[in-house]
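**Student:** Pasting data12.tsv here (TSV, all heavy atoms):
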```
chain	number	residue	atom	x	y	z
F	1	MET	N	87.09	90.10	52.57
F	1	MET	CA	88.04	89.01	52.67
F	1	MET	C	88.29	88.72	54.15
F	1	MET	O	88.54	89.62	54.94
F	1	MET	CB	89.34	89.40	51.97
F	1	MET	CG	90.37	88.32	52.06
F	1	MET	SD	91.97	88.89	51.53
F	1	MET	CE	92.17	88.12	49.99
F	2	GLU	N	88.23	87.46	54.51
F	2	GLU	CA	88.43	87.03	55.90
F	2	GLU	C	89.91	86.80	56.18
F	2	GLU	O	90.63	86.25	55.36
F	2	GLU	CB	87.66	85.74	56.15
F	2	GLU	CG	87.73	85.28	57.58
F	2	GLU	CD	86.93	84.00	57.81
F	2	GLU	OE1	86.14	83.61	56.94
F	2	GLU	OE2	87.12	83.40	58.87
F	3	THR	N	90.36	87.24	57.34
F	3	THR	CA	91.73	87.02	57.75
F	3	THR	C	91.83	85.72	58.54
F	3	THR	O	91.01	85.48	59.42
F	3	THR	CB	92.22	88.18	58.65
F	3	THR	OG1	92.12	89.39	57.90
F	3	THR	CG2	93.64	87.97	59.09
F	4	ILE	N	92.80	84.92	58.20
F	4	ILE	CA	93.04	83.68	58.93
F	4	ILE	C	94.17	83.93	59.91
F	4	ILE	O	95.26	84.37	59.52
F	4	ILE	CB	93.41	82.53	57.96
F	4	ILE	CG1	92.24	82.26	57.02
F	4	ILE	CG2	93.77	81.28	58.75
F	4	ILE	CD1	92.54	81.26	55.93
F	5	LYS	N	93.89	83.69	61.18
F	5	LYS	CA	94.89	83.91	62.23
F	5	LYS	C	95.42	82.56	62.69
F	5	LYS	O	94.65	81.67	63.02
F	5	LYS	CB	94.27	84.65	63.42
F	5	LYS	CG	93.68	86.00	63.04
F	5	LYS	CD	93.16	86.74	64.25
F	5	LYS	CE	91.86	86.19	64.74
F	5	LYS	NZ	91.27	86.98	65.84
F	6	THR	N	96.75	82.44	62.67
F	6	THR	CA	97.39	81.22	63.16
F	6	THR	C	98.43	81.59	64.21
F	6	THR	O	98.96	82.69	64.21
F	6	THR	CB	98.09	80.44	62.02
F	6	THR	OG1	99.12	81.24	61.46
F	6	THR	CG2	97.11	80.02	60.94
F	7	ALA	N	98.69	80.66	65.10
F	7	ALA	CA	99.72	80.86	66.12
F	7	ALA	C	100.21	79.49	66.58
F	7	ALA	O	99.43	78.55	66.69
F	7	ALA	CB	99.17	81.63	67.31
F	8	SER	N	101.49	79.41	66.86
F	8	SER	CA	102.00	78.17	67.42
F	8	SER	C	101.68	78.13	68.91
F	8	SER	O	101.63	79.19	69.57
F	8	SER	CB	103.51	78.04	67.20
F	8	SER	OG	104.21	78.93	68.03
F	9	PHE	N	101.45	76.95	69.41
F	9	PHE	CA	101.12	76.80	70.83
F	9	PHE	C	102.26	77.34	71.68
F	9	PHE	O	102.03	78.00	72.69
F	9	PHE	CB	100.83	75.33	71.14
F	9	PHE	CG	100.37	75.09	72.55
F	9	PHE	CD1	99.16	75.59	72.99
F	9	PHE	CD2	101.16	74.37	73.43
F	9	PHE	CE1	98.73	75.37	74.29
F	9	PHE	CE2	100.74	74.15	74.73
F	9	PHE	CZ	99.52	74.65	75.16
F	10	GLU	N	103.49	77.10	71.26
F	10	GLU	CA	104.66	77.56	72.02
F	10	GLU	C	104.70	79.08	72.11
F	10	GLU	O	105.02	79.64	73.15
F	10	GLU	CB	105.96	77.03	71.39
F	10	GLU	CG	106.15	75.55	71.54
F	10	GLU	CD	105.39	74.74	70.47
F	10	GLU	OE1	104.86	75.34	69.50
F	10	GLU	OE2	105.31	73.52	70.62
F	11	SER	N	104.38	79.76	71.00
F	11	SER	CA	104.41	81.23	71.03
F	11	SER	C	103.29	81.77	71.92
F	11	SER	O	103.47	82.81	72.57
F	11	SER	CB	104.31	81.81	69.62
F	11	SER	OG	103.04	81.56	69.05
F	12	LEU	N	102.17	81.09	71.95
F	12	LEU	CA	101.07	81.53	72.83
F	12	LEU	C	101.45	81.36	74.30
F	12	LEU	O	101.17	82.23	75.12
F	12	LEU	CB	99.79	80.75	72.52
F	12	LEU	CG	99.16	81.03	71.16
F	12	LEU	CD1	98.02	80.04	70.90
F	12	LEU	CD2	98.67	82.46	71.07
F	13	ILE	N	102.11	80.26	74.62
F	13	ILE	CA	102.54	80.03	76.01
F	13	ILE	C	103.53	81.11	76.44
F	13	ILE	O	103.50	81.56	77.59
F	13	ILE	CB	103.14	78.62	76.18
F	13	ILE	CG1	102.02	77.59	76.13
F	13	ILE	CG2	103.91	78.50	77.48
F	13	ILE	CD1	102.48	76.16	76.24
F	14	ASP	N	104.36	81.58	75.52
F	14	ASP	CA	105.32	82.65	75.85
F	14	ASP	C	104.61	83.94	76.24
F	14	ASP	O	105.20	84.79	76.92
F	14	ASP	CB	106.25	82.92	74.67
F	14	ASP	CG	107.29	81.83	74.48
F	14	ASP	OD1	107.51	81.04	75.43
F	14	ASP	OD2	107.88	81.77	73.38
F	15	LEU	N	103.36	84.11	75.82
F	15	LEU	CA	102.61	85.32	76.17
F	15	LEU	C	102.05	85.27	77.59
F	15	LEU	O	101.64	86.30	78.12
F	15	LEU	CB	101.45	85.51	75.19
F	15	LEU	CG	101.82	85.74	73.73
F	15	LEU	CD1	100.55	85.79	72.87
F	15	LEU	CD2	102.64	87.00	73.56
F	16	ALA	N	102.04	84.10	78.20
F	16	ALA	CA	101.52	83.95	79.56
F	16	ALA	C	102.60	84.34	80.57
F	16	ALA	O	103.72	83.85	80.50
F	16	ALA	CB	101.06	82.52	79.81
F	17	LYS	N	102.25	85.23	81.46
F	17	LYS	CA	103.19	85.67	82.51
F	17	LYS	C	102.70	85.17	83.86
F	17	LYS	O	101.53	85.37	84.22
F	17	LYS	CB	103.29	87.21	82.53
F	17	LYS	CG	103.69	87.81	81.20
F	17	LYS	CD	105.01	87.27	80.70
F	17	LYS	CE	105.35	87.85	79.33
F	17	LYS	NZ	106.32	87.09	78.61
F	18	GLU	N	103.59	84.51	84.58
F	18	GLU	CA	103.23	83.93	85.87
F	18	GLU	C	102.97	85.04	86.89
F	18	GLU	O	103.73	86.00	86.99
F	18	GLU	CB	104.33	83.01	86.36
F	18	GLU	CG	103.90	82.13	87.51
F	18	GLU	CD	104.87	81.00	87.79
F	18	GLU	OE1	105.88	80.89	87.07
F	18	GLU	OE2	104.61	80.24	88.73
F	19	ASN	N	101.88	84.90	87.64
F	19	ASN	CA	101.53	85.86	88.68
F	19	ASN	C	102.18	85.44	90.00
F	19	ASN	O	102.26	84.26	90.30
F	19	ASN	CB	100.01	85.93	88.87
F	19	ASN	CG	99.31	86.41	87.62
F	19	ASN	OD1	99.82	87.23	86.88
F	19	ASN	ND2	98.11	85.89	87.39
F	20	PRO	N	102.61	86.41	90.81
F	20	PRO	CA	103.24	86.08	92.09
F	20	PRO	C	102.31	85.33	93.04
F	20	PRO	O	102.76	84.52	93.86
F	20	PRO	CB	103.64	87.42	92.68
F	20	PRO	CG	103.29	88.46	91.70
F	20	PRO	CD	102.58	87.83	90.56
F	21	ASP	N	101.01	85.56	92.93
F	21	ASP	CA	100.04	84.91	93.82
F	21	ASP	C	99.44	83.64	93.22
F	21	ASP	O	98.48	83.09	93.75
F	21	ASP	CB	98.94	85.90	94.20
F	21	ASP	CG	98.21	86.47	93.01
F	21	ASP	OD1	98.73	86.37	91.88
F	21	ASP	OD2	97.10	87.01	93.19
F	22	GLY	N	100.01	83.17	92.12
F	22	GLY	CA	99.53	81.95	91.48
F	22	GLY	C	98.78	82.25	90.20
F	22	GLY	O	98.27	83.34	89.99
F	23	GLY	N	98.75	81.30	89.32
F	23	GLY	CA	98.08	81.47	88.04
F	23	GLY	C	98.92	82.28	87.07
F	23	GLY	O	100.10	82.55	87.30
F	24	TYR	N	98.29	82.67	85.98
F	24	TYR	CA	98.97	83.39	84.92
F	24	TYR	C	98.07	84.50	84.39
F	24	TYR	O	96.85	84.41	84.44
F	24	TYR	CB	99.28	82.44	83.75
F	24	TYR	CG	100.19	81.30	84.10
F	24	TYR	CD1	99.68	80.13	84.65
F	24	TYR	CD2	101.56	81.39	83.90
F	24	TYR	CE1	100.50	79.08	84.99
F	24	TYR	CE2	102.40	80.34	84.23
F	24	TYR	CZ	101.87	79.19	84.77
F	24	TYR	OH	102.69	78.15	85.11
F	25	THR	N	98.71	85.52	83.83
F	25	THR	CA	98.01	86.53	83.06
F	25	THR	C	98.38	86.30	81.61
F	25	THR	O	99.56	86.24	81.26
F	25	THR	CB	98.43	87.96	83.48
F	25	THR	OG1	98.09	88.13	84.86
F	25	THR	CG2	97.71	89.00	82.65
F	26	PHE	N	97.38	86.15	80.77
F	26	PHE	CA	97.56	85.87	79.35
F	26	PHE	C	96.85	86.96	78.56
F	26	PHE	O	95.67	87.21	78.78
F	26	PHE	CB	97.00	84.48	79.02
F	26	PHE	CG	96.98	84.15	77.57
F	26	PHE	CD1	98.17	84.00	76.86
F	26	PHE	CD2	95.79	83.97	76.90
F	26	PHE	CE1	98.16	83.68	75.52
F	26	PHE	CE2	95.77	83.65	75.55
F	26	PHE	CZ	96.95	83.51	74.86
F	27	VAL	N	97.58	87.63	77.67
F	27	VAL	CA	97.00	88.70	76.86
F	27	VAL	C	97.06	88.29	75.40
F	27	VAL	O	98.13	87.93	74.88
F	27	VAL	CB	97.75	90.03	77.07
F	27	VAL	CG1	97.13	91.12	76.20
F	27	VAL	CG2	97.73	90.44	78.53
F	28	LEU	N	95.90	88.32	74.74
F	28	LEU	CA	95.82	87.99	73.33
F	28	LEU	C	94.95	89.02	72.64
F	28	LEU	O	93.81	89.26	73.05
F	28	LEU	CB	95.24	86.58	73.14
F	28	LEU	CG	95.17	86.06	71.72
F	28	LEU	CD1	96.57	85.94	71.11
F	28	LEU	CD2	94.47	84.70	71.67
F	29	ASP	N	95.50	89.66	71.63
F	29	ASP	CA	94.78	90.69	70.87
F	29	ASP	C	94.21	91.77	71.77
F	29	ASP	O	93.08	92.24	71.57
F	29	ASP	CB	93.68	90.07	70.01
F	29	ASP	CG	94.21	89.21	68.87
F	29	ASP	OD1	95.40	89.34	68.53
F	29	ASP	OD2	93.43	88.41	68.32
F	30	GLY	N	94.95	92.15	72.79
F	30	GLY	CA	94.53	93.24	73.67
F	30	GLY	C	93.57	92.85	74.78
F	30	GLY	O	93.21	93.69	75.60
F	31	THR	N	93.16	91.61	74.83
F	31	THR	CA	92.26	91.13	75.88
F	31	THR	C	93.07	90.33	76.90
F	31	THR	O	93.83	89.45	76.52
F	31	THR	CB	91.14	90.24	75.30
F	31	THR	OG1	90.43	90.98	74.30
F	31	THR	CG2	90.16	89.82	76.38
F	32	SER	N	92.90	90.67	78.17
F	32	SER	CA	93.66	90.03	79.24
F	32	SER	C	92.81	88.95	79.91
F	32	SER	O	91.62	89.16	80.18
F	32	SER	CB	94.06	91.08	80.27
F	32	SER	OG	94.79	90.49	81.31
F	33	TYR	N	93.43	87.82	80.18
F	33	TYR	CA	92.76	86.69	80.83
F	33	TYR	C	93.56	86.27	82.05
F	33	TYR	O	94.79	86.21	81.99
F	33	TYR	CB	92.67	85.49	79.88
F	33	TYR	CG	91.92	85.76	78.61
F	33	TYR	CD1	92.57	86.23	77.48
F	33	TYR	CD2	90.55	85.56	78.54
F	33	TYR	CE1	91.89	86.48	76.32
F	33	TYR	CE2	89.85	85.81	77.37
F	33	TYR	CZ	90.53	86.28	76.26
F	33	TYR	OH	89.85	86.53	75.10
F	34	GLN	N	92.88	85.96	83.13
F	34	GLN	CA	93.51	85.38	84.31
F	34	GLN	C	93.23	83.88	84.26
F	34	GLN	O	92.06	83.47	84.29
F	34	GLN	CB	92.93	85.99	85.60
F	34	GLN	CG	93.17	87.48	85.72
F	34	GLN	CD	94.65	87.83	85.73
F	34	GLN	OE1	95.45	87.20	86.40
F	34	GLN	NE2	95.01	88.84	84.96
F	35	ILE	N	94.27	83.09	84.12
F	35	ILE	CA	94.10	81.65	83.98
F	35	ILE	C	94.91	80.93	85.05
F	35	ILE	O	95.84	81.49	85.62
F	35	ILE	CB	94.52	81.16	82.57
F	35	ILE	CG1	95.99	81.49	82.29
F	35	ILE	CG2	93.61	81.75	81.51
F	35	ILE	CD1	96.52	80.95	80.98
F	36	GLN	N	94.53	79.70	85.33
F	36	GLN	CA	95.24	78.90	86.34
F	36	GLN	C	96.24	77.94	85.71
F	36	GLN	O	97.20	77.55	86.35
F	36	GLN	CB	94.22	78.12	87.19
F	36	GLN	CG	93.35	79.01	88.03
F	36	GLN	CD	94.18	79.88	88.97
F	36	GLN	OE1	95.05	79.39	89.67
F	36	GLN	NE2	93.91	81.17	88.97
F	37	ASP	N	96.01	77.55	84.46
F	37	ASP	CA	96.86	76.57	83.79
F	37	ASP	C	97.09	77.01	82.35
F	37	ASP	O	96.14	77.44	81.68
F	37	ASP	CB	96.16	75.20	83.82
F	37	ASP	CG	97.04	74.06	83.38
F	37	ASP	OD1	97.87	74.25	82.46
F	37	ASP	OD2	96.91	72.97	83.95
F	38	VAL	N	98.32	76.90	81.86
F	38	VAL	CA	98.61	77.33	80.50
F	38	VAL	C	97.87	76.51	79.44
F	38	VAL	O	97.74	76.95	78.29
F	38	VAL	CB	100.13	77.33	80.21
F	38	VAL	CG1	100.84	78.38	81.03
F	38	VAL	CG2	100.74	75.96	80.42
F	39	LEU	N	97.35	75.36	79.81
F	39	LEU	CA	96.59	74.56	78.85
F	39	LEU	C	95.27	75.23	78.46
F	39	LEU	O	94.68	74.87	77.44
F	39	LEU	CB	96.34	73.16	79.41
F	39	LEU	CG	97.61	72.32	79.63
F	39	LEU	CD1	97.24	70.98	80.25
F	39	LEU	CD2	98.37	72.13	78.34
F	40	GLU	N	94.83	76.22	79.22
F	40	GLU	CA	93.62	76.97	78.89
F	40	GLU	C	93.84	77.88	77.68
F	40	GLU	O	92.88	78.30	77.03
F	40	GLU	CB	93.19	77.83	80.08
F	40	GLU	CG	92.80	77.04	81.32
F	40	GLU	CD	92.49	77.96	82.49
F	40	GLU	OE1	91.62	78.83	82.35
F	40	GLU	OE2	93.14	77.80	83.55
F	41	ILE	N	95.09	78.17	77.38
F	41	ILE	CA	95.43	79.12	76.32
F	41	ILE	C	94.89	78.68	74.97
F	41	ILE	O	94.40	79.48	74.19
F	41	ILE	CB	96.96	79.33	76.28
F	41	ILE	CG1	97.39	80.10	77.52
F	41	ILE	CG2	97.39	80.02	75.01
F	41	ILE	CD1	98.90	80.19	77.69
F	42	SER	N	94.99	77.41	74.67
F	42	SER	CA	94.55	76.89	73.39
F	42	SER	C	93.07	77.19	73.14
F	42	SER	O	92.69	77.65	72.06
F	42	SER	CB	94.80	75.38	73.33
F	42	SER	OG	94.41	74.87	72.09
F	43	ASN	N	92.24	76.95	74.14
F	43	ASN	CA	90.80	77.20	73.98
F	43	ASN	C	90.50	78.69	73.84
F	43	ASN	O	89.60	79.07	73.10
F	43	ASN	CB	90.02	76.61	75.15
F	43	ASN	CG	89.92	75.11	75.07
F	43	ASN	OD1	89.99	74.54	73.99
F	43	ASN	ND2	89.80	74.45	76.21
F	44	ILE	N	91.24	79.52	74.55
F	44	ILE	CA	91.05	80.97	74.44
F	44	ILE	C	91.38	81.42	73.02
F	44	ILE	O	90.63	82.17	72.39
F	44	ILE	CB	91.92	81.72	75.47
F	44	ILE	CG1	91.42	81.43	76.89
F	44	ILE	CG2	91.94	83.21	75.18
F	44	ILE	CD1	92.35	81.91	77.99
F	45	ALA	N	92.51	80.96	72.50
F	45	ALA	CA	92.92	81.34	71.15
F	45	ALA	C	91.92	80.85	70.10
F	45	ALA	O	91.54	81.61	69.19
F	45	ALA	CB	94.31	80.79	70.85
F	46	LYS	N	91.46	79.63	70.25
F	46	LYS	CA	90.46	79.11	69.31
F	46	LYS	C	89.18	79.92	69.38
F	46	LYS	O	88.54	80.18	68.37
F	46	LYS	CB	90.17	77.64	69.61
F	46	LYS	CG	91.30	76.72	69.22
F	46	LYS	CD	90.99	75.27	69.61
F	46	LYS	CE	92.15	74.38	69.32
F	46	LYS	NZ	91.90	72.99	69.78
F	47	GLY	N	88.81	80.35	70.58
F	47	GLY	CA	87.61	81.18	70.75
F	47	GLY	C	87.73	82.54	70.09
F	47	GLY	O	86.73	83.16	69.73
F	48	GLN	N	88.96	83.02	69.90
F	48	GLN	CA	89.19	84.29	69.21
F	48	GLN	C	89.46	84.09	67.72
F	48	GLN	O	89.89	85.01	67.04
F	48	GLN	CB	90.34	85.05	69.87
F	48	GLN	CG	89.97	85.63	71.21
F	48	GLN	CD	90.95	86.70	71.65
F	48	GLN	OE1	91.75	87.22	70.89
F	48	GLN	NE2	90.88	87.04	72.92
F	49	GLY	N	89.23	82.88	67.23
F	49	GLY	CA	89.34	82.61	65.80
F	49	GLY	C	90.70	82.18	65.31
F	49	GLY	O	90.95	82.17	64.11
F	50	TYR	N	91.60	81.82	66.21
F	50	TYR	CA	92.92	81.37	65.82
F	50	TYR	C	92.91	79.89	65.48
F	50	TYR	O	92.19	79.10	66.08
F	50	TYR	CB	93.94	81.58	66.96
F	50	TYR	CG	94.46	82.99	67.05
F	50	TYR	CD1	93.75	83.97	67.70
F	50	TYR	CD2	95.69	83.33	66.49
F	50	TYR	CE1	94.23	85.27	67.79
F	50	TYR	CE2	96.18	84.62	66.56
F	50	TYR	CZ	95.45	85.58	67.22
F	50	TYR	OH	95.92	86.86	67.31
F	51	ILE	N	93.76	79.52	64.55
F	51	ILE	CA	94.11	78.12	64.31
F	51	ILE	C	95.41	77.91	65.06
F	51	ILE	O	96.41	78.59	64.79
F	51	ILE	CB	94.29	77.83	62.81
F	51	ILE	CG1	92.96	78.05	62.07
F	51	ILE	CG2	94.82	76.41	62.60
F	51	ILE	CD1	93.09	77.99	60.56
F	52	VAL	N	95.40	77.01	66.03
F	52	VAL	CA	96.58	76.78	66.86
F	52	VAL	C	97.37	75.62	66.27
F	52	VAL	O	96.83	74.54	66.01
F	52	VAL	CB	96.17	76.46	68.33
F	52	VAL	CG1	97.40	76.21	69.18
F	52	VAL	CG2	95.35	77.61	68.90
F	53	ILE	N	98.66	75.86	66.06
F	53	ILE	CA	99.55	74.86	65.49
F	53	ILE	C	100.38	74.28	66.63
F	53	ILE	O	101.01	75.02	67.37
F	53	ILE	CB	100.47	75.49	64.43
F	53	ILE	CG1	99.60	76.11	63.33
F	53	ILE	CG2	101.44	74.45	63.87
F	53	ILE	CD1	100.36	77.03	62.41
F	54	TYR	N	100.35	72.96	66.76
F	54	TYR	CA	101.06	72.28	67.84
F	54	TYR	C	102.37	71.74	67.38
F	54	TYR	O	102.64	71.38	66.33
F	54	TYR	CB	100.20	71.16	68.43
F	54	TYR	CG	98.95	71.68	69.06
F	54	TYR	CD1	97.76	71.76	68.35
F	54	TYR	CD2	98.97	72.13	70.37
F	54	TYR	CE1	96.63	72.25	68.95
F	54	TYR	CE2	97.82	72.62	70.97
F	54	TYR	CZ	96.66	72.68	70.25
F	54	TYR	OH	95.53	73.18	70.83
```
Rewrite the coordinates I just gave you, this time as structure tokens.
**Tutor:**
Amino acid sequence: METIKTASFESLIDLAKENPDGGYTFVLDGTSYQIQDVLEISNIAKGQGYIVIY
């Protein structure tokens, strides 16, 4: 049986922590990403099989 993963865009943005030197650190399912813009979060989540709800 396949698990369907969903997340609201707002809850994903809350996972992004601003770095003092610029950009953000975003952790999803134990994987850490260094991103420059929170708009990148949606594509990361979709790449990990999430359905993002806006």
**Student:** If you count only C-alpha atoms, which residues fall within 10 Å of range 27-37 of chain F, apart from same-chain ones fewer than 3 positions away, as a list in words?
**Tutor:**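 The neighbour list is Leu12, Leu15, Ala16, Lys17, Glu18, Asn19, Gly22, Gly23, Tyr24, Glu40, Ile41, Ile44, Ala45 and Gln48 of chain F.
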**Student:** Could you work out an axis-aligned bounding box for all listed atoms of range 18-28 of chain F, with 4 Å added on each of the six sides, and give its centre and edge lengths in Å to one decimal, as AutoDock Vina command-line options?
**Tutor:**
```
--center_x 99.8 --center_y 84.6 --center_z 82.7 --size_x 20.1 --size_y 21.0 --size_z 31.1
```
**Student:** List the neighbours of Thr6 in chain F out to 4.5 Å using all heavy atoms; skip same-chain residues closer than 5 positions along the sequence, and give me the result as JSON, numbers by chain.
**Tutor:** {"F": [50, 51, 53]}
**Student:** When you count all atoms listed in the file, which of these residues is closest to Ala7 in chain F: F:Thr25, F:Val38, F:Tyr54, F:Asn43?
**Tutor:**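 Closest candidate: F:Tyr54.
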**Student:** In chain F, what's helix (DSSP H, G or I) per DSSP? Answer as an MDAnalysis selection string?
**Tutor:** chainID F and resid 9:14 40:47
**Student:** One number please: atom O of Asp14 in chain F to atom N of Phe26 in chain F, in Å, one decimal.
**Tutor:**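 A separation of 8.8 Å between them.
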**Student:** Going by DSSP on the backbone, which bits of chain F are strand (DSSP E)? Write them as JSON, numbers by chain, please.
**Tutor:** {"F": [5, 6, 7, 8, 16, 17, 18, 24, 25, 26, 27, 28, 31, 32, 33, 34, 35, 50, 51, 52, 53]}
**Student:** So which residues are close to (97.3, 77.8, 71.3), meaning at most 4 Å away in the file's coordinates with all heavy atoms counted, and can you show them as a list in words?
**Tutor:** Phe9, Leu12, Ser42 and Val52 of chain F
**Student:** Give me, please, the distance in Å between CA of Leu39 in chain F and atom N of Ile13 in chain F, quoted to one decimal.
**Tutor:**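 CA of Leu39 in chain F sits 9.0 Å away from atom N of Ile13 in chain F.
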**Student:** Grab the CA of Gly49 in chain F to CA of Ser11 in chain F distance for me, in Å with one decimal place.
**Tutor:**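 CA of Ser11 in chain F lies 16.0 Å from CA of Gly49 in chain F.
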